[in-house]
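Listing of model30.csv; format and content: CSV, C-alpha atoms (C1' of nucleotides).
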```csv
chain,number,residue,atom,x,y,z
A,1,MET,CA,105.1,94.2,120.7
A,2,PRO,CA,104.1,92.8,117.3
A,3,GLU,CA,106.8,90.1,116.8
A,4,GLY,CA,105.7,86.6,116.1
A,5,HIS,CA,104.5,85.8,119.7
A,6,THR,CA,102.1,88.7,119.6
A,7,VAL,CA,100.5,87.6,116.4
A,8,ARG,CA,100.1,84.1,117.6
A,9,ARG,CA,98.3,85.3,120.7
A,10,LEU,CA,95.9,87.4,118.6
A,11,ALA,CA,95.1,84.4,116.4
A,12,ASP,CA,94.5,82.4,119.6
A,13,VAL,CA,92.0,85.0,120.7
A,14,PHE,CA,90.1,84.8,117.4
A,15,GLN,CA,90.1,81.0,117.6
A,16,ARG,CA,88.7,81.0,121.1
A,17,ASP,CA,86.2,83.9,121.1
A,18,PHE,CA,85.1,84.4,117.4
A,19,ARG,CA,85.4,81.2,115.5
A,20,GLY,CA,82.2,79.6,114.3
A,21,GLN,CA,80.3,82.9,114.5
A,22,ALA,CA,78.8,85.0,111.7
A,23,LEU,CA,80.4,88.4,112.1
A,24,ARG,CA,79.3,91.9,111.2
A,25,VAL,CA,82.3,93.5,109.5
A,26,SER,CA,82.6,97.2,109.0
A,27,SER,CA,85.2,99.9,108.4
A,28,PRO,CA,84.2,103.0,110.4
A,29,GLN,CA,87.3,104.8,108.9
A,30,GLY,CA,86.2,103.8,105.4
A,31,ARG,CA,89.5,102.6,104.0
A,32,PHE,CA,88.5,99.0,104.2
A,33,ALA,CA,84.8,99.5,103.2
A,34,GLU,CA,85.0,97.3,100.1
A,35,GLY,CA,86.7,94.4,101.9
A,36,ALA,CA,84.3,94.7,104.8
A,37,ALA,CA,81.3,94.4,102.5
A,38,LEU,CA,82.7,91.1,101.1
A,39,LEU,CA,83.0,89.6,104.6
A,40,ASP,CA,80.0,91.1,106.3
A,41,GLY,CA,77.6,88.5,107.6
A,42,THR,CA,79.8,85.5,106.9
A,43,GLU,CA,81.1,83.0,109.5
A,44,LEU,CA,84.7,83.0,110.8
A,45,ARG,CA,86.0,79.5,110.2
A,46,ARG,CA,89.6,79.7,111.6
A,47,ALA,CA,92.4,82.0,112.6
A,48,GLU,CA,96.0,81.3,111.6
A,49,ALA,CA,99.3,82.9,112.3
A,50,HIS,CA,102.5,82.6,110.3
A,51,GLY,CA,105.3,84.9,111.5
A,52,LYS,CA,104.0,88.4,111.8
A,53,GLN,CA,101.0,87.8,109.5
A,54,MET,CA,97.6,86.7,110.6
A,55,PHE,CA,94.9,85.2,108.4
A,56,LEU,CA,91.2,85.0,109.3
A,57,GLY,CA,89.4,82.4,107.2
A,58,PHE,CA,85.8,83.1,106.4
A,59,GLU,CA,83.1,80.9,104.8
A,60,GLY,CA,83.1,81.3,101.0
A,61,GLY,CA,86.9,80.8,100.7
A,62,ARG,CA,87.8,84.4,101.7
A,63,TRP,CA,90.6,85.3,104.0
A,64,LEU,CA,91.3,88.6,105.8
A,65,ARG,CA,95.1,89.1,105.7
A,66,VAL,CA,96.4,91.4,108.4
A,67,HIS,CA,99.9,92.7,109.1
A,68,LEU,CA,100.2,95.0,112.1
A,69,GLY,CA,103.4,96.6,111.0
A,70,LEU,CA,105.1,98.8,113.6
A,71,TYR,CA,102.1,100.1,115.5
A,72,GLY,CA,99.0,98.4,114.3
A,73,LYS,CA,96.7,97.2,117.2
A,74,TRP,CA,93.8,94.9,117.9
A,75,ALA,CA,91.5,95.8,120.8
A,76,PHE,CA,88.9,93.3,122.1
A,77,GLY,CA,85.9,93.4,124.3
A,78,THR,CA,82.5,91.9,125.2
A,79,GLY,CA,79.1,93.5,125.3
A,80,GLU,CA,78.4,96.8,123.5
A,81,PRO,CA,81.4,98.1,121.5
A,82,PRO,CA,82.6,101.6,122.3
A,83,GLU,CA,81.7,104.5,120.0
A,84,PRO,CA,84.3,104.4,117.1
A,85,ARG,CA,87.1,106.9,117.7
A,86,GLY,CA,90.2,107.7,115.6
A,87,ALA,CA,91.2,105.7,112.5
A,88,LEU,CA,89.3,102.5,113.1
A,89,ARG,CA,90.1,100.4,110.0
A,90,VAL,CA,88.0,97.3,110.9
A,91,ARG,CA,85.4,96.5,113.4
A,92,LEU,CA,84.2,92.9,113.9
A,93,LEU,CA,81.1,92.1,115.9
A,94,GLY,CA,79.9,88.7,116.9
A,95,PRO,CA,77.1,87.3,119.1
A,96,GLY,CA,79.7,85.7,121.5
A,97,ALA,CA,79.4,82.4,123.2
A,98,ASP,CA,76.7,83.7,125.6
A,99,GLY,CA,74.9,86.0,123.2
A,100,ALA,CA,76.2,89.1,125.0
A,101,GLY,CA,78.4,90.1,122.1
A,102,VAL,CA,82.1,90.2,121.3
A,103,TRP,CA,83.9,92.8,119.3
A,104,ALA,CA,87.4,93.4,117.8
A,105,ASP,CA,88.8,96.7,116.6
A,106,LEU,CA,91.8,97.0,114.3
A,107,ARG,CA,93.8,100.3,114.0
A,108,GLY,CA,96.9,101.3,112.0
A,109,PRO,CA,97.8,98.0,110.2
A,110,THR,CA,100.3,98.0,107.4
A,111,ALA,CA,98.3,95.4,105.5
A,112,CYS,CA,94.6,94.6,105.7
A,113,GLU,CA,93.0,93.0,102.7
A,114,VAL,CA,90.6,90.3,101.6
A,115,VAL,CA,92.3,87.5,99.6
A,116,THR,CA,91.5,84.1,98.1
A,117,THR,CA,92.8,80.9,99.5
A,118,GLY,CA,95.3,80.8,96.7
A,119,GLU,CA,96.5,84.3,97.5
A,120,LYS,CA,96.8,83.5,101.1
A,121,GLU,CA,98.9,80.5,100.4
A,122,ALA,CA,101.1,82.6,98.0
A,123,ALA,CA,101.6,85.0,100.9
A,124,ARG,CA,102.6,82.2,103.2
A,125,ALA,CA,105.0,80.7,100.6
A,126,LYS,CA,107.0,84.0,100.6
A,127,LEU,CA,107.6,83.5,104.3
A,128,GLY,CA,110.3,81.3,105.8
A,129,PRO,CA,109.7,78.7,108.5
A,130,ASP,CA,108.0,80.0,111.8
A,131,PRO,CA,109.6,78.5,115.0
A,132,LEU,CA,106.1,78.7,116.6
A,133,ARG,CA,104.4,76.5,113.9
A,134,ARG,CA,104.4,72.7,114.0
A,135,ASP,CA,105.4,72.8,110.3
A,136,GLY,CA,108.4,75.1,111.1
A,137,ASP,CA,111.4,73.5,109.3
A,138,ALA,CA,114.6,74.0,111.3
A,139,GLY,CA,116.7,72.3,108.7
A,140,ALA,CA,115.5,74.6,105.9
A,141,PHE,CA,116.3,77.6,108.1
A,142,ALA,CA,119.8,76.3,108.9
A,143,ASP,CA,120.6,75.4,105.3
A,144,ARG,CA,119.6,78.8,104.0
A,145,VAL,CA,121.5,80.7,106.7
A,146,ALA,CA,124.7,78.6,106.1
A,147,ARG,CA,124.5,79.0,102.3
A,148,SER,CA,124.6,82.8,102.3
A,149,ARG,CA,127.4,85.3,102.8
A,150,THR,CA,124.8,87.8,104.3
A,151,SER,CA,125.4,88.6,107.9
A,152,ILE,CA,123.5,86.5,110.4
A,153,ALA,CA,122.0,89.8,111.8
A,154,ALA,CA,120.5,90.7,108.4
A,155,GLN,CA,119.3,87.1,107.8
A,156,LEU,CA,117.4,87.0,111.1
A,157,MET,CA,115.4,90.1,110.1
A,158,ASP,CA,114.5,88.6,106.7
A,159,GLN,CA,111.0,87.1,107.0
A,160,ALA,CA,111.9,84.8,104.0
A,161,VAL,CA,114.6,83.2,106.2
A,162,VAL,CA,112.7,82.9,109.4
A,163,ALA,CA,109.2,84.3,110.0
A,164,GLY,CA,108.2,86.0,113.2
A,165,VAL,CA,111.6,87.3,114.4
A,166,GLY,CA,111.8,91.1,114.9
A,167,ASN,CA,114.4,93.5,116.2
A,168,VAL,CA,114.1,92.4,119.8
A,169,TYR,CA,114.3,88.7,119.3
A,170,ARG,CA,117.1,89.2,116.8
A,171,ALA,CA,119.3,91.1,119.2
A,172,GLU,CA,118.5,88.7,122.1
A,173,VAL,CA,119.0,85.4,120.3
A,174,LEU,CA,122.3,86.6,118.9
A,175,PHE,CA,123.4,87.4,122.4
A,176,ARG,CA,122.2,84.2,123.9
A,177,ALA,CA,124.1,82.3,121.2
A,178,ARG,CA,127.2,84.5,121.9
A,179,THR,CA,127.3,85.2,118.2
A,180,ASP,CA,128.9,88.1,116.3
A,181,PRO,CA,126.0,89.8,114.5
A,182,PHE,CA,128.2,90.7,111.6
A,183,ALA,CA,129.4,87.1,111.0
A,184,PRO,CA,128.3,85.9,107.5
A,185,GLY,CA,125.9,82.9,107.5
A,186,VAL,CA,128.5,80.7,105.9
A,187,GLU,CA,130.8,81.2,108.9
A,188,VAL,CA,128.0,80.8,111.4
A,189,GLY,CA,127.3,77.4,109.9
A,190,ARG,CA,124.5,74.9,110.0
A,191,ASP,CA,125.0,73.6,113.6
A,192,ARG,CA,125.1,77.0,115.2
A,193,ALA,CA,122.0,78.1,113.1
A,194,LEU,CA,120.2,75.0,114.4
A,195,ALA,CA,121.0,75.9,118.0
A,196,MET,CA,119.7,79.4,117.4
A,197,TRP,CA,116.5,78.0,115.9
A,198,ASP,CA,116.0,75.8,119.0
A,199,ASP,CA,116.5,78.9,121.2
A,200,LEU,CA,114.0,80.9,119.1
A,201,VAL,CA,111.5,78.1,119.8
A,202,VAL,CA,112.1,78.5,123.5
A,203,LEU,CA,111.9,82.3,123.4
A,204,LEU,CA,108.9,82.6,121.2
A,205,ARG,CA,106.9,80.0,123.1
A,206,ASP,CA,107.7,81.8,126.3
A,207,GLY,CA,106.6,85.1,124.7
A,208,VAL,CA,103.3,83.6,123.7
A,209,LYS,CA,102.6,82.3,127.3
A,210,ARG,CA,103.8,85.5,129.0
A,211,GLY,CA,102.6,88.1,126.5
A,212,ALA,CA,106.0,89.8,126.7
A,213,ILE,CA,109.5,89.3,125.5
A,214,VAL,CA,111.8,88.1,128.3
A,215,THR,CA,115.1,86.6,127.4
A,216,THR,CA,117.2,86.9,130.6
A,217,LEU,CA,117.9,83.9,132.8
A,218,PRO,CA,117.1,84.5,136.4
A,219,ALA,CA,120.8,84.3,137.3
A,220,ASP,CA,121.6,87.2,135.0
A,221,ARG,CA,119.0,89.5,136.6
A,222,PRO,CA,120.0,91.8,139.5
A,223,ALA,CA,120.0,90.2,143.0
A,224,GLY,CA,116.7,90.7,144.6
A,225,HIS,CA,114.9,90.6,141.2
A,226,ARG,CA,115.4,87.0,140.3
A,227,ARG,CA,112.0,85.8,141.5
A,228,GLY,CA,108.5,86.9,140.8
A,229,ARG,CA,107.5,89.3,138.0
A,230,VAL,CA,110.3,90.2,135.7
A,231,ARG,CA,110.7,94.0,135.6
A,232,ARG,CA,110.8,95.6,132.1
A,233,GLU,CA,114.4,96.8,132.7
A,234,ASP,CA,115.5,93.3,133.5
A,235,ALA,CA,113.9,91.5,130.5
A,236,HIS,CA,116.6,91.8,127.9
A,237,TYR,CA,120.4,91.3,127.6
A,238,VAL,CA,121.2,93.9,124.9
A,239,TYR,CA,118.1,95.3,123.2
A,240,ARG,CA,117.9,99.0,124.0
A,241,ARG,CA,120.7,98.6,126.6
A,242,HIS,CA,123.4,100.5,124.7
A,243,GLY,CA,125.7,102.4,127.0
A,244,LEU,CA,124.9,100.1,129.9
A,245,PRO,CA,127.1,97.3,131.2
A,246,CYS,CA,126.6,93.8,129.8
A,247,ARG,CA,124.8,91.6,132.3
A,248,VAL,CA,127.4,88.8,131.8
A,249,CYS,CA,130.8,90.5,131.3
A,250,GLY,CA,130.3,94.1,132.2
A,251,ALA,CA,131.5,95.5,128.9
A,252,THR,CA,129.5,98.4,127.4
A,253,VAL,CA,126.7,97.3,125.2
A,254,LEU,CA,126.9,98.9,121.7
A,255,THR,CA,124.3,100.0,119.1
A,256,ARG,CA,124.6,100.8,115.4
A,257,GLU,CA,122.0,101.4,112.7
A,258,VAL,CA,122.1,98.5,110.2
A,259,VAL,CA,119.8,98.7,107.1
A,260,GLY,CA,117.5,101.2,108.8
A,261,ARG,CA,117.2,99.3,112.1
A,262,ASN,CA,119.1,99.6,115.4
A,263,LEU,CA,121.2,96.6,116.2
A,264,PHE,CA,122.4,96.1,119.8
A,265,TRP,CA,125.2,93.8,120.9
A,266,CYS,CA,128.0,93.1,123.5
A,267,PRO,CA,131.3,93.5,121.8
A,268,VAL,CA,133.0,91.1,124.2
A,269,CYS,CA,130.5,88.3,124.7
A,270,GLN,CA,129.7,88.4,120.9
A,271,ALA,CA,133.2,88.7,119.6
A,272,GLY,CA,133.5,85.9,116.9
A,273,LEU,CA,131.8,82.6,117.3
A,274,PRO,CA,132.8,81.1,120.7
A,275,GLU,CA,131.7,77.5,121.6
A,276,LEU,CA,128.0,77.1,122.5
A,277,PRO,CA,126.5,75.4,125.5
A,278,SER,CA,125.3,72.0,124.4
A,279,GLU,CA,121.7,72.4,125.8
A,280,PRO,CA,119.2,75.1,124.9
A,281,LEU,CA,118.9,77.7,127.7
A,282,ASP,CA,115.7,76.8,129.4
A,283,LEU,CA,114.0,80.1,130.2
A,284,THR,CA,111.0,78.5,131.8
A,285,ALA,CA,112.9,76.5,134.4
A,286,GLY,CA,112.2,77.6,138.0
A,287,ALA,CA,108.9,77.9,139.9
A,288,ASP,CA,109.4,81.7,140.1
A,289,LEU,CA,108.9,82.1,136.4
A,290,ASP,CA,106.0,79.8,136.2
A,291,ALA,CA,104.2,81.7,138.9
A,292,SER,CA,104.8,85.0,137.2
A,293,ALA,CA,103.5,83.7,133.9
A,294,ARG,CA,100.4,82.5,135.5
A,295,ALA,CA,99.8,85.8,137.3
A,296,GLN,CA,100.0,87.7,134.0
A,297,ARG,CA,97.7,85.4,132.1
A,298,THR,CA,94.5,86.7,133.8
B,1,DT,C1',101.9,119.2,127.8
B,2,DT,C1',104.7,118.2,123.9
B,3,DG,C1',107.5,115.5,121.0
B,4,DG,C1',110.4,111.9,119.5
B,5,DG,C1',111.1,107.1,118.7
B,6,DA,C1',109.6,102.3,118.3
B,7,DT,C1',108.5,95.9,117.9
B,8,DG,C1',107.7,96.5,110.4
B,9,DT,C1',106.6,96.5,105.8
B,10,DC,C1',105.2,98.5,101.5
B,11,DG,C1',104.7,101.5,97.6
B,12,DA,C1',106.3,105.6,95.2
B,13,DT,C1',110.3,107.9,93.4
C,1,DT,C1',116.0,105.9,99.8
C,2,DC,C1',112.0,108.0,101.7
C,3,DG,C1',107.3,108.7,103.4
C,4,DA,C1',103.1,106.4,104.9
C,5,DC,C1',100.8,104.1,108.4
C,6,DC,C1',98.7,107.3,112.6
C,7,DT,C1',99.4,104.2,118.0
C,8,DC,C1',101.7,103.8,122.3
C,9,DC,C1',105.2,104.9,125.6
C,10,DC,C1',108.4,107.5,127.8
C,11,DA,C1',111.6,111.6,128.3
C,12,DA,C1',111.9,116.3,128.3
C,13,DT,C1',109.8,120.6,129.3
```

Whole structure, structure tokens version:
Amino acid sequence: MPEGHTVRRLADVFQRDFRGQALRVSSPQGRFAEGAALLDGTELRRAEAHGKQMFLGFEGGRWLRVHLGLYGKWAFGTGEPPEPRGALRVRLLGPGADGAGVWADLRGPTACEVVTTGEKEAARAKLGPDPLRRDGDAGAFADRVARSRTSIAAQLMDQAVVAGVGNVYRAEVLFRARTDPFAPGVEVGRDRALAMWDDLVVLLRDGVKRGAIVTTLPADRPAGHRRGRVRREDAHYVYRRHGLPCRVCGATVLTREVVGRNLFWCPVCQAGLPELPSEPLDLTAGADLDASARAQRT
DNA sequence: TTGGGATGTCGAT
DNA sequence: TCGACCTCCCAAT
């Protein structure tokens, strides 16, 4: 799922397996042929993620900017790459650490272009703070939210307000903060926005480790499924659970299309702005979760 | 086996 | 406001 945690994991793969190598760059599909020619044969210097955007920095001051959009995908492997099939926008080939070869195939991205360092920074400047980045500025996020009459649900989907949050994290962080999605930012206020930021840090970091979005606390999963691997159907509180009973209060979870995207919420738990717990909800507490995260990281 | 929807954004109209 | 992107997953047949 390409929300911020996915993009961070992809950047980590490039940092670990491709950095420092001169790469062969091609576009079997042809749509990226010009850009591929600019990068072909140059060394990958670093990989960086900001929100849902990834930047691969090559020698010569050129960056490959990639946005996966709804269904863009990277596939990776070692040794000989497979015969190109389908709409293969970009293929990267490197010698690999052991000389056996590494490859990366990109399909279906919304954005894939070669930019200068200045253009890359301009793209980053359009994005809000990223809860996964060390330079992520919680105060800037909270101030912006609290200054606007726009609903908190709309602001969480605005990449200029906070970068890396998508439709799943939006629905889930609103539930975990027991916050009415339709409340204007000015009513949500700075303190509540800061608490939601802290929770996004917890959720996104867990997503990076796990490679999946899990937001439910063990106590809110069905009895018998609180330990070990988290089943897909137990992973969320409200996202795509419309018509089902809320895990906390039993009320029916609702959905409604808001500016082209489906919003999910519990009309009872998220009625108004009830008082928040003082500590962030620590998802990673409990040996059961740690064991499951380790098992999936193979 | 077929078909619809999805984690997202952008450019044309 | 709508189509493009053109993949993956799951439900319906």

At a cut-off of 8 Å, which residues of chain A touch chain C? Count all atoms listed in the file and give the answer as an mmCIF file with C-alpha atoms, in the coordinates of the input.
```cif
data_model
loop_
_atom_site.group_PDB
_atom_site.id
_atom_site.type_symbol
_atom_site.label_atom_id
_atom_site.label_comp_id
_atom_site.auth_asym_id
_atom_site.auth_seq_id
_atom_site.Cartn_x
_atom_site.Cartn_y
_atom_site.Cartn_z
ATOM 1 C CA TYR A 71 102.100 100.100 115.500
ATOM 2 C CA GLY A 72 99.000 98.400 114.300
ATOM 3 C CA LYS A 73 96.700 97.200 117.200
ATOM 4 C CA ALA A 87 91.200 105.700 112.500
ATOM 5 C CA ARG A 107 93.800 100.300 114.000
ATOM 6 C CA GLY A 108 96.900 101.300 112.000
ATOM 7 C CA PRO A 109 97.800 98.000 110.200
ATOM 8 C CA THR A 110 100.300 98.000 107.400
#
```

Checklist line | For atom CA of A:Phe182 and atom CA of A:Val258, the interatomic separation in Å (one decimal) | finding: 10.0 Å

Nearby residues, (112.7, 93.1, 116.8) file frame, 7 Å, all atoms listed in the file, as a compact mmCIF listing (two decimals) with C-alpha atoms (C1' of nucleotides), keeping the file's coordinate frame:
```txt
# COMPACT_ATOMS: atom_id res chain seq x y z
CA GLU A 3 106.80 90.10 116.80
CA VAL A 165 111.60 87.30 114.40
CA GLY A 166 111.80 91.10 114.90
CA ASN A 167 114.40 93.50 116.20
CA VAL A 168 114.10 92.40 119.80
CA TYR A 169 114.30 88.70 119.30
CA ARG A 170 117.10 89.20 116.80
C1' DT B 7 108.50 95.90 117.90
```

Check: If I put a ball of radius 9 Å at (108.6, 105.9, 114.5) in the file's coordinates, which residues poke into it when counting all atoms listed in the file, written as a list in words?
Finding: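 Within the cut-off we find Leu70 and Tyr71 of chain A; DG4, DG5 and DA6 of chain B.
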
Notebook entry, point to check: Between atom CA of A:Leu132 and atom CA of A:Val201, what is the distance, to one decimal in Å?
Noted result: 6.3 Å

Next item on the list: Excluding stretch 156-161 of chain A and any residue of its chain fewer than 6 positions from it, enumerate the residues within 8 Å of it, using only C-alpha atoms (C1' of nucleotides), and give them as JSON, numbers by chain.
Entry: {"A": [51, 126, 127, 128, 129, 141, 144, 145, 167, 170]}

Could you turn the residues from that selection into a file that holds C-alpha atoms, as a CSV table (one decimal), keeping the file's coordinate frame?
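Generated file (part-v7.csv):
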```
chain,number,residue,atom,x,y,z
A,51,GLY,CA,105.3,84.9,111.5
A,126,LYS,CA,107.0,84.0,100.6
A,127,LEU,CA,107.6,83.5,104.3
A,128,GLY,CA,110.3,81.3,105.8
A,129,PRO,CA,109.7,78.7,108.5
A,141,PHE,CA,116.3,77.6,108.1
A,144,ARG,CA,119.6,78.8,104.0
A,145,VAL,CA,121.5,80.7,106.7
A,167,ASN,CA,114.4,93.5,116.2
A,170,ARG,CA,117.1,89.2,116.8
```

Next item on the list: Work out how far atom CA of A:Asp130 is from atom CA of A:Arg147, in Å to one decimal.
Entry: 19.1 Å

Item checked: Surrounding residues of stretch 229-241 of chain A excluding itself and chain neighbours under 5 positions, 9 Å, all atoms listed in the file, as an MDAnalysis selection string -> chainID A and resid 167:172 175:176 212:218 220:222 246:248 252:255 262:266 288:289 291:293 295:296

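Here the question is which of A:Leu273, A:Ala104, A:Val7, A:Leu194 gets nearest to chain B using all atoms listed in the file, and that residue is A:Val7.
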
Check: Looking at A:Thr116, A:Asp17, A:Pro131, A:Ala154, which one is nearest to A:Ala100, with distances taken over all atoms listed in the file?
Finding: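 Ranked by minimum distance to A:Ala100, first place goes to A:Asp17.
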
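Among A:Ala97, A:Ala183, A:Leu68, A:Val173, the residue with the shortest atom-to-atom distance to chain B, counting all atoms listed in the file, is A:Leu68.
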